[in-house]
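Beneath this line is the structure, given in structure tokens, with notes to follow.
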Amino acid sequence: MALTASSLDDALAAHRAKLERAHRVRSSAQLVALVDALGFCFAFSGEAAYPVPACFDHLSTTDDGKKWEWMWPWKDELPEAKKLYYGKLLVKKPTFVSMKMLPLFYATFGRAGETDDHIDDVRAGRLTDLAKRVVEYLAHHGETQKKRMRADLGIESKEGRGDLERAIEDLQRLMYVARVKAVGERSDDYNYTYDLFVRRYPETVKAAERYSSADASAAVLKRLLDLAGGVTAKQVERLFDSDDARTAREIERMEAKRGLLRIGGTLVLPELGR
């Protein structure tokens, strides 16, 4: 019997619960295996509005203190070793991406991988002038601690610090800048070093050349459907910060290839609709 709108919620809940049961994590190696299996996920607690797996839900303990004891060092050590990617990517929330899938995420932007690619986003208003200054600073100075960068850019006020934080978040989301490693031992001294994405992950930028922006976007959307079972177009737009027209094209393209079904306002995996 075909899936109806009234039974959709139960089908999606069962699909997501099965995925959660399939992967349990008690070590850093198991976390890498989880991210490799999922492709991408939220690093910590999930966002209720977005049906993307969250690593905390897969940790094999009910003790929240133990979860933080495991995850806090893993989120720094594993990306530094390039065993997975970590950054504020999906809806500006901490996100893990497998190294195999990272080229697809980069390729969705359709960029050449040049150090001046960001200029188009500045002109379009997607990046601020401060974000432009951060890119140019890192291009000249290389990997730098955020505190050092803030001082060199002459940012002293609380408002200015907030602007810098938002600029770095935007640059991470658009994959112009990447975290490299954590530095500092005390809470008041803890911060990250950053570098240009193209310099931190040259192998990813090279691998991304194999994909068109449209094909990469379709692959990422397909993986989202595999994980969630079903999503709305609005969820897709907000997760990947894409505009209505681009999202509509991606959905129509996948629908034409029978890669999804529409049930009510939800885009559903074809196998769930049978």
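Convention: chains lettered A, B, ... in structure tokens order; per-chain residue numbering from 1; ligands numbered from 1 as shown.
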Original post:
Using only C-alpha atoms, which residues sit within 7 Å of A:Val268 once same-chain residues fewer than 4 positions away are excluded, as a PyMOL selection string?
Top reply: chain A and resi 225+229-231+260-263+272
Store the residues picked out above, limited to N, CA, C and O atoms, as a JSON list (two decimals), in the first residue's frame.
[["chain", "number", "residue", "atom", "x", "y", "z"],
["A", 225, "LEU", "N", 18.38, 12.85, 2.11],
["A", 225, "LEU", "CA", 17.18, 12.02, 2.06],
["A", 225, "LEU", "C", 17.44, 10.63, 2.63],
["A", 225, "LEU", "O", 16.60, 10.07, 3.34],
["A", 229, "GLY", "N", 15.07, 10.31, 5.55],
["A", 229, "GLY", "CA", 13.88, 9.63, 5.06],
["A", 229, "GLY", "C", 12.96, 10.58, 4.31],
["A", 229, "GLY", "O", 12.41, 10.25, 3.27],
["A", 230, "GLY", "N", 12.82, 11.77, 4.83],
["A", 230, "GLY", "CA", 12.01, 12.79, 4.19],
["A", 230, "GLY", "C", 12.31, 14.16, 4.76],
["A", 230, "GLY", "O", 12.65, 14.30, 5.93],
["A", 231, "VAL", "N", 12.22, 15.18, 3.92],
["A", 231, "VAL", "CA", 12.49, 16.56, 4.32],
["A", 231, "VAL", "C", 11.56, 17.47, 3.53],
["A", 231, "VAL", "O", 10.99, 17.08, 2.51],
["A", 260, "LEU", "N", 13.13, 10.82, -5.63],
["A", 260, "LEU", "CA", 12.31, 11.19, -4.48],
["A", 260, "LEU", "C", 10.85, 11.20, -4.90],
["A", 260, "LEU", "O", 10.51, 11.23, -6.09],
["A", 261, "LEU", "N", 9.99, 11.14, -3.88],
["A", 261, "LEU", "CA", 8.55, 11.28, -4.08],
["A", 261, "LEU", "C", 8.07, 12.48, -3.27],
["A", 261, "LEU", "O", 8.67, 12.83, -2.25],
["A", 262, "ARG", "N", 6.99, 13.10, -3.71],
["A", 262, "ARG", "CA", 6.35, 14.16, -2.94],
["A", 262, "ARG", "C", 5.10, 13.60, -2.28],
["A", 262, "ARG", "O", 4.22, 13.07, -2.96],
["A", 263, "ILE", "N", 5.06, 13.71, -0.97],
["A", 263, "ILE", "CA", 3.87, 13.32, -0.22],
["A", 263, "ILE", "C", 3.47, 14.52, 0.63],
["A", 263, "ILE", "O", 4.18, 14.88, 1.57],
["A", 272, "LEU", "N", 10.40, 4.46, 0.79],
["A", 272, "LEU", "CA", 9.44, 4.65, 1.88],
["A", 272, "LEU", "C", 8.03, 4.89, 1.36],
["A", 272, "LEU", "O", 7.06, 4.77, 2.13]]
Original post:
Could you pull the residues within 8 Å of A:Val220, counting only C-alpha atoms, minus those fewer than 3 positions along the same chain, as a list in words?
Top reply: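 The residues satisfying every condition are Leu104, Phe105, Ala216, Ser217, Arg223 and Leu224 of chain A.
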Subject >> For stretch 168-173 of chain A: contacts at 8 Å, only C-alpha atoms, fewer than 3 positions along chain excluded, given as a list in words >> reply: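 That gives Gly87, Lys88, Leu89, Leu90, Lys92, Leu127, Ala131, Val134, Leu164, Glu165, Tyr176, Val177 and Ala178 of chain A.
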Original post:
Can you list, as a ChimeraX atom specification, every residue of stretch 30-241 of chain A that DSSP puts in helix (DSSP H, G or I)?
Top reply: /A:30-38,55-58,64-80,102-107,118-123,129-141,146-152,158-173,197-200,202-208,213-228,233-240
Output file for the selection above: C-alpha atoms, as a short mmCIF file (atom, residue, chain, number, x, y, z; two decimals), in the first residue's frame:
data_model
loop_
_atom_site.label_atom_id
_atom_site.label_comp_id
_atom_site.auth_asym_id
_atom_site.auth_seq_id
_atom_site.Cartn_x
_atom_site.Cartn_y
_atom_site.Cartn_z
CA GLN A 30 34.06 4.57 16.08
CA LEU A 31 33.16 8.24 15.73
CA VAL A 32 35.16 8.43 12.49
CA ALA A 33 33.40 5.27 11.28
CA LEU A 34 30.03 6.84 12.15
CA VAL A 35 30.74 10.04 10.21
CA ASP A 36 32.07 8.01 7.28
CA ALA A 37 28.86 5.96 7.28
CA LEU A 38 26.55 8.98 7.56
CA CYS A 55 26.55 12.49 17.20
CA PHE A 56 25.35 12.80 20.80
CA ASP A 57 22.43 10.51 19.92
CA HIS A 58 24.87 7.79 18.87
CA ASP A 64 25.83 13.46 29.60
CA GLY A 65 29.07 14.14 31.46
CA LYS A 66 30.70 11.14 29.78
CA LYS A 67 29.41 12.30 26.40
CA TRP A 68 31.15 15.67 26.80
CA GLU A 69 34.27 13.96 28.16
CA TRP A 70 34.48 11.95 24.95
CA MET A 71 33.38 14.53 22.41
CA TRP A 72 35.22 17.63 23.58
CA PRO A 73 38.71 16.36 22.69
CA TRP A 74 37.53 14.30 19.69
CA LYS A 75 36.07 17.38 17.95
CA ASP A 76 39.57 18.90 17.96
CA GLU A 77 41.90 15.90 17.59
CA LEU A 78 40.15 14.16 14.70
CA PRO A 79 39.83 17.21 12.39
CA GLU A 80 43.43 18.22 13.15
CA LEU A 102 33.89 16.86 1.76
CA PRO A 103 34.73 17.38 -1.96
CA LEU A 104 31.03 17.17 -2.79
CA PHE A 105 30.21 19.89 -0.26
CA TYR A 106 32.96 22.10 -1.69
CA ALA A 107 31.88 21.42 -5.26
CA HIS A 118 35.46 35.25 -2.25
CA ILE A 119 35.23 38.58 -4.10
CA ASP A 120 32.03 37.52 -5.88
CA ASP A 121 30.36 36.74 -2.56
CA VAL A 122 31.48 40.09 -1.14
CA ARG A 123 30.00 41.91 -4.13
CA ASP A 129 33.92 43.66 4.31
CA LEU A 130 35.32 42.25 7.56
CA ALA A 131 35.04 38.72 6.13
CA LYS A 132 36.99 39.95 3.10
CA ARG A 133 39.68 41.31 5.43
CA VAL A 134 39.88 37.94 7.23
CA VAL A 135 40.43 36.09 3.95
CA GLU A 136 43.09 38.55 2.85
CA TYR A 137 44.76 38.41 6.27
CA LEU A 138 44.99 34.61 6.20
CA ALA A 139 46.17 34.64 2.59
CA HIS A 140 49.09 36.82 3.70
CA HIS A 141 49.83 35.42 7.18
CA LYS A 146 41.74 33.92 16.21
CA LYS A 147 42.99 36.05 19.12
CA ARG A 148 46.10 37.03 17.18
CA MET A 149 44.06 37.79 14.07
CA ARG A 150 41.64 39.91 16.09
CA ALA A 151 44.51 41.95 17.53
CA ASP A 152 46.20 42.41 14.16
CA LYS A 158 32.68 43.65 22.21
CA GLU A 159 30.66 44.56 19.12
CA GLY A 160 33.71 44.12 16.92
CA ARG A 161 34.44 40.72 18.42
CA GLY A 162 30.88 39.64 17.63
CA ASP A 163 31.26 40.88 14.07
CA LEU A 164 34.48 38.87 13.69
CA GLU A 165 32.82 35.74 15.06
CA ARG A 166 29.97 36.09 12.57
CA ALA A 167 32.38 36.78 9.72
CA ILE A 168 34.34 33.59 10.50
CA GLU A 169 31.10 31.61 10.72
CA ASP A 170 30.06 32.87 7.28
CA LEU A 171 33.48 32.03 5.87
CA GLN A 172 33.30 28.52 7.30
CA ARG A 173 29.78 27.98 5.95
CA PHE A 197 40.15 26.23 3.15
CA VAL A 198 42.07 25.84 -0.12
CA ARG A 199 45.37 25.75 1.78
CA ARG A 200 44.14 23.49 4.59
CA PRO A 202 44.10 21.19 -1.17
CA GLU A 203 43.32 17.52 -1.82
CA THR A 204 39.63 18.23 -1.26
CA VAL A 205 39.66 21.20 -3.64
CA LYS A 206 41.40 19.04 -6.26
CA ALA A 207 38.92 16.18 -5.84
CA ALA A 208 36.01 18.63 -6.15
CA SER A 213 27.91 22.17 -8.92
CA ALA A 214 24.57 20.62 -9.95
CA ASP A 215 25.79 17.04 -9.60
CA ALA A 216 27.41 17.76 -6.24
CA SER A 217 24.24 19.42 -4.94
CA ALA A 218 22.17 16.46 -6.09
CA ALA A 219 24.51 14.02 -4.32
CA VAL A 220 24.34 15.98 -1.06
CA LEU A 221 20.55 16.20 -1.28
CA LYS A 222 20.34 12.46 -1.96
CA ARG A 223 22.43 11.78 1.12
CA LEU A 224 20.20 14.03 3.20
CA LEU A 225 17.18 12.02 2.06
CA ASP A 226 18.98 8.77 2.91
CA LEU A 227 19.57 10.03 6.43
CA ALA A 228 16.26 11.75 7.09
CA ALA A 233 12.04 22.09 0.61
CA LYS A 234 12.29 24.77 3.29
CA GLN A 235 14.48 22.50 5.43
CA VAL A 236 16.78 21.94 2.44
CA GLU A 237 17.05 25.68 1.81
CA ARG A 238 17.91 26.48 5.42
CA LEU A 239 20.29 23.56 5.96
CA PHE A 240 22.41 24.40 2.94
#
Subject >> Residue set, stretch 55-251 of chain A restricted to strand (DSSP E), as a PyMOL selection string >> reply: chain A and resi 85-90+93-97+144-145+177-183+191-196+230-232
Output file for the residues above (N, CA, C and O atoms, as a CSV table (one decimal), in the first residue's frame):
chain,number,residue,atom,x,y,z
A,85,TYR,N,36.1,16.2,9.0
A,85,TYR,CA,36.0,17.7,8.9
A,85,TYR,C,35.0,18.2,10.0
A,85,TYR,O,34.0,17.6,10.3
A,86,TYR,N,35.4,19.3,10.6
A,86,TYR,CA,34.6,19.9,11.6
A,86,TYR,C,34.5,21.4,11.4
A,86,TYR,O,35.5,22.1,11.3
A,87,GLY,N,33.3,21.9,11.4
A,87,GLY,CA,33.2,23.4,11.2
A,87,GLY,C,31.7,23.8,11.3
A,87,GLY,O,30.8,22.9,11.3
A,88,LYS,N,31.4,25.0,11.4
A,88,LYS,CA,30.0,25.5,11.4
A,88,LYS,C,29.5,25.6,10.0
A,88,LYS,O,29.7,26.5,9.3
A,89,LEU,N,28.8,24.5,9.6
A,89,LEU,CA,28.5,24.3,8.2
A,89,LEU,C,27.0,24.3,8.0
A,89,LEU,O,26.4,25.2,7.4
A,90,LEU,N,26.3,23.3,8.6
A,90,LEU,CA,24.8,23.3,8.4
A,90,LEU,C,24.1,24.2,9.4
A,90,LEU,O,24.3,24.2,10.6
A,93,LYS,N,25.8,25.6,12.5
A,93,LYS,CA,25.9,24.7,13.7
A,93,LYS,C,27.2,23.8,13.5
A,93,LYS,O,27.5,23.5,12.4
A,94,PRO,N,27.8,23.5,14.6
A,94,PRO,CA,29.0,22.5,14.5
A,94,PRO,C,28.6,21.3,13.8
A,94,PRO,O,27.6,20.6,14.1
A,95,THR,N,29.3,21.0,12.7
A,95,THR,CA,29.0,19.9,11.8
A,95,THR,C,30.2,19.0,11.5
A,95,THR,O,31.3,19.5,11.4
A,96,PHE,N,30.0,17.7,11.5
A,96,PHE,CA,31.0,16.8,11.0
A,96,PHE,C,30.7,16.4,9.6
A,96,PHE,O,29.6,16.1,9.2
A,97,VAL,N,31.8,16.3,8.7
A,97,VAL,CA,31.6,15.8,7.4
A,97,VAL,C,32.7,14.8,7.2
A,97,VAL,O,33.9,15.0,7.6
A,144,THR,N,46.6,31.1,11.6
A,144,THR,CA,46.7,32.1,12.7
A,144,THR,C,45.6,31.8,13.7
A,144,THR,O,44.5,31.5,13.4
A,145,GLN,N,46.0,32.1,15.0
A,145,GLN,CA,45.0,32.0,16.1
A,145,GLN,C,44.0,33.2,15.9
A,145,GLN,O,44.4,34.3,15.6
A,177,VAL,N,37.2,29.5,4.7
A,177,VAL,CA,38.1,29.4,5.9
A,177,VAL,C,37.8,28.1,6.6
A,177,VAL,O,36.6,27.7,6.7
A,178,ALA,N,38.8,27.5,7.2
A,178,ALA,CA,38.6,26.2,7.9
A,178,ALA,C,39.4,26.3,9.3
A,178,ALA,O,40.5,26.9,9.4
A,179,ARG,N,38.8,25.7,10.3
A,179,ARG,CA,39.6,25.5,11.5
A,179,ARG,C,40.7,24.5,11.3
A,179,ARG,O,40.6,23.6,10.5
A,180,VAL,N,41.8,24.7,12.0
A,180,VAL,CA,42.9,23.8,11.9
A,180,VAL,C,43.1,23.1,13.2
A,180,VAL,O,43.1,21.8,13.2
A,181,LYS,N,43.3,23.8,14.3
A,181,LYS,CA,43.5,23.1,15.6
A,181,LYS,C,43.1,24.0,16.7
A,181,LYS,O,43.0,25.2,16.6
A,182,ALA,N,42.9,23.4,17.9
A,182,ALA,CA,42.6,24.1,19.1
A,182,ALA,C,43.9,24.4,19.8
A,182,ALA,O,44.8,23.7,19.8
A,183,VAL,N,43.9,25.6,20.4
A,183,VAL,CA,45.1,26.0,21.2
A,183,VAL,C,44.6,26.6,22.6
A,183,VAL,O,43.5,27.1,22.7
A,191,ASN,N,41.1,28.8,22.1
A,191,ASN,CA,40.6,29.3,20.9
A,191,ASN,C,41.2,28.4,19.7
A,191,ASN,O,41.9,27.5,20.0
A,192,TYR,N,40.8,28.8,18.5
A,192,TYR,CA,41.2,28.0,17.4
A,192,TYR,C,42.2,28.7,16.5
A,192,TYR,O,42.2,30.0,16.5
A,193,THR,N,43.0,28.0,15.7
A,193,THR,CA,43.7,28.6,14.6
A,193,THR,C,42.9,28.3,13.3
A,193,THR,O,42.1,27.3,13.2
A,194,TYR,N,43.0,29.2,12.4
A,194,TYR,CA,42.3,29.2,11.1
A,194,TYR,C,43.2,29.3,10.0
A,194,TYR,O,44.3,30.0,10.1
A,195,ASP,N,42.8,28.8,8.8
A,195,ASP,CA,43.6,29.0,7.6
A,195,ASP,C,42.6,29.0,6.4
A,195,ASP,O,41.4,28.7,6.6
A,196,LEU,N,43.0,29.4,5.3
A,196,LEU,CA,42.2,29.3,4.1
A,196,LEU,C,41.8,27.9,3.8
A,196,LEU,O,42.7,27.0,3.9
A,230,GLY,N,12.8,11.8,4.8
A,230,GLY,CA,12.0,12.8,4.2
A,230,GLY,C,12.3,14.2,4.8
A,230,GLY,O,12.7,14.3,5.9
A,231,VAL,N,12.2,15.2,3.9
A,231,VAL,CA,12.5,16.6,4.3
A,231,VAL,C,11.6,17.5,3.5
A,231,VAL,O,11.0,17.1,2.5
A,232,THR,N,11.4,18.7,4.0
A,232,THR,CA,10.7,19.7,3.2
A,232,THR,C,11.7,20.5,2.4
A,232,THR,O,12.9,20.6,2.7
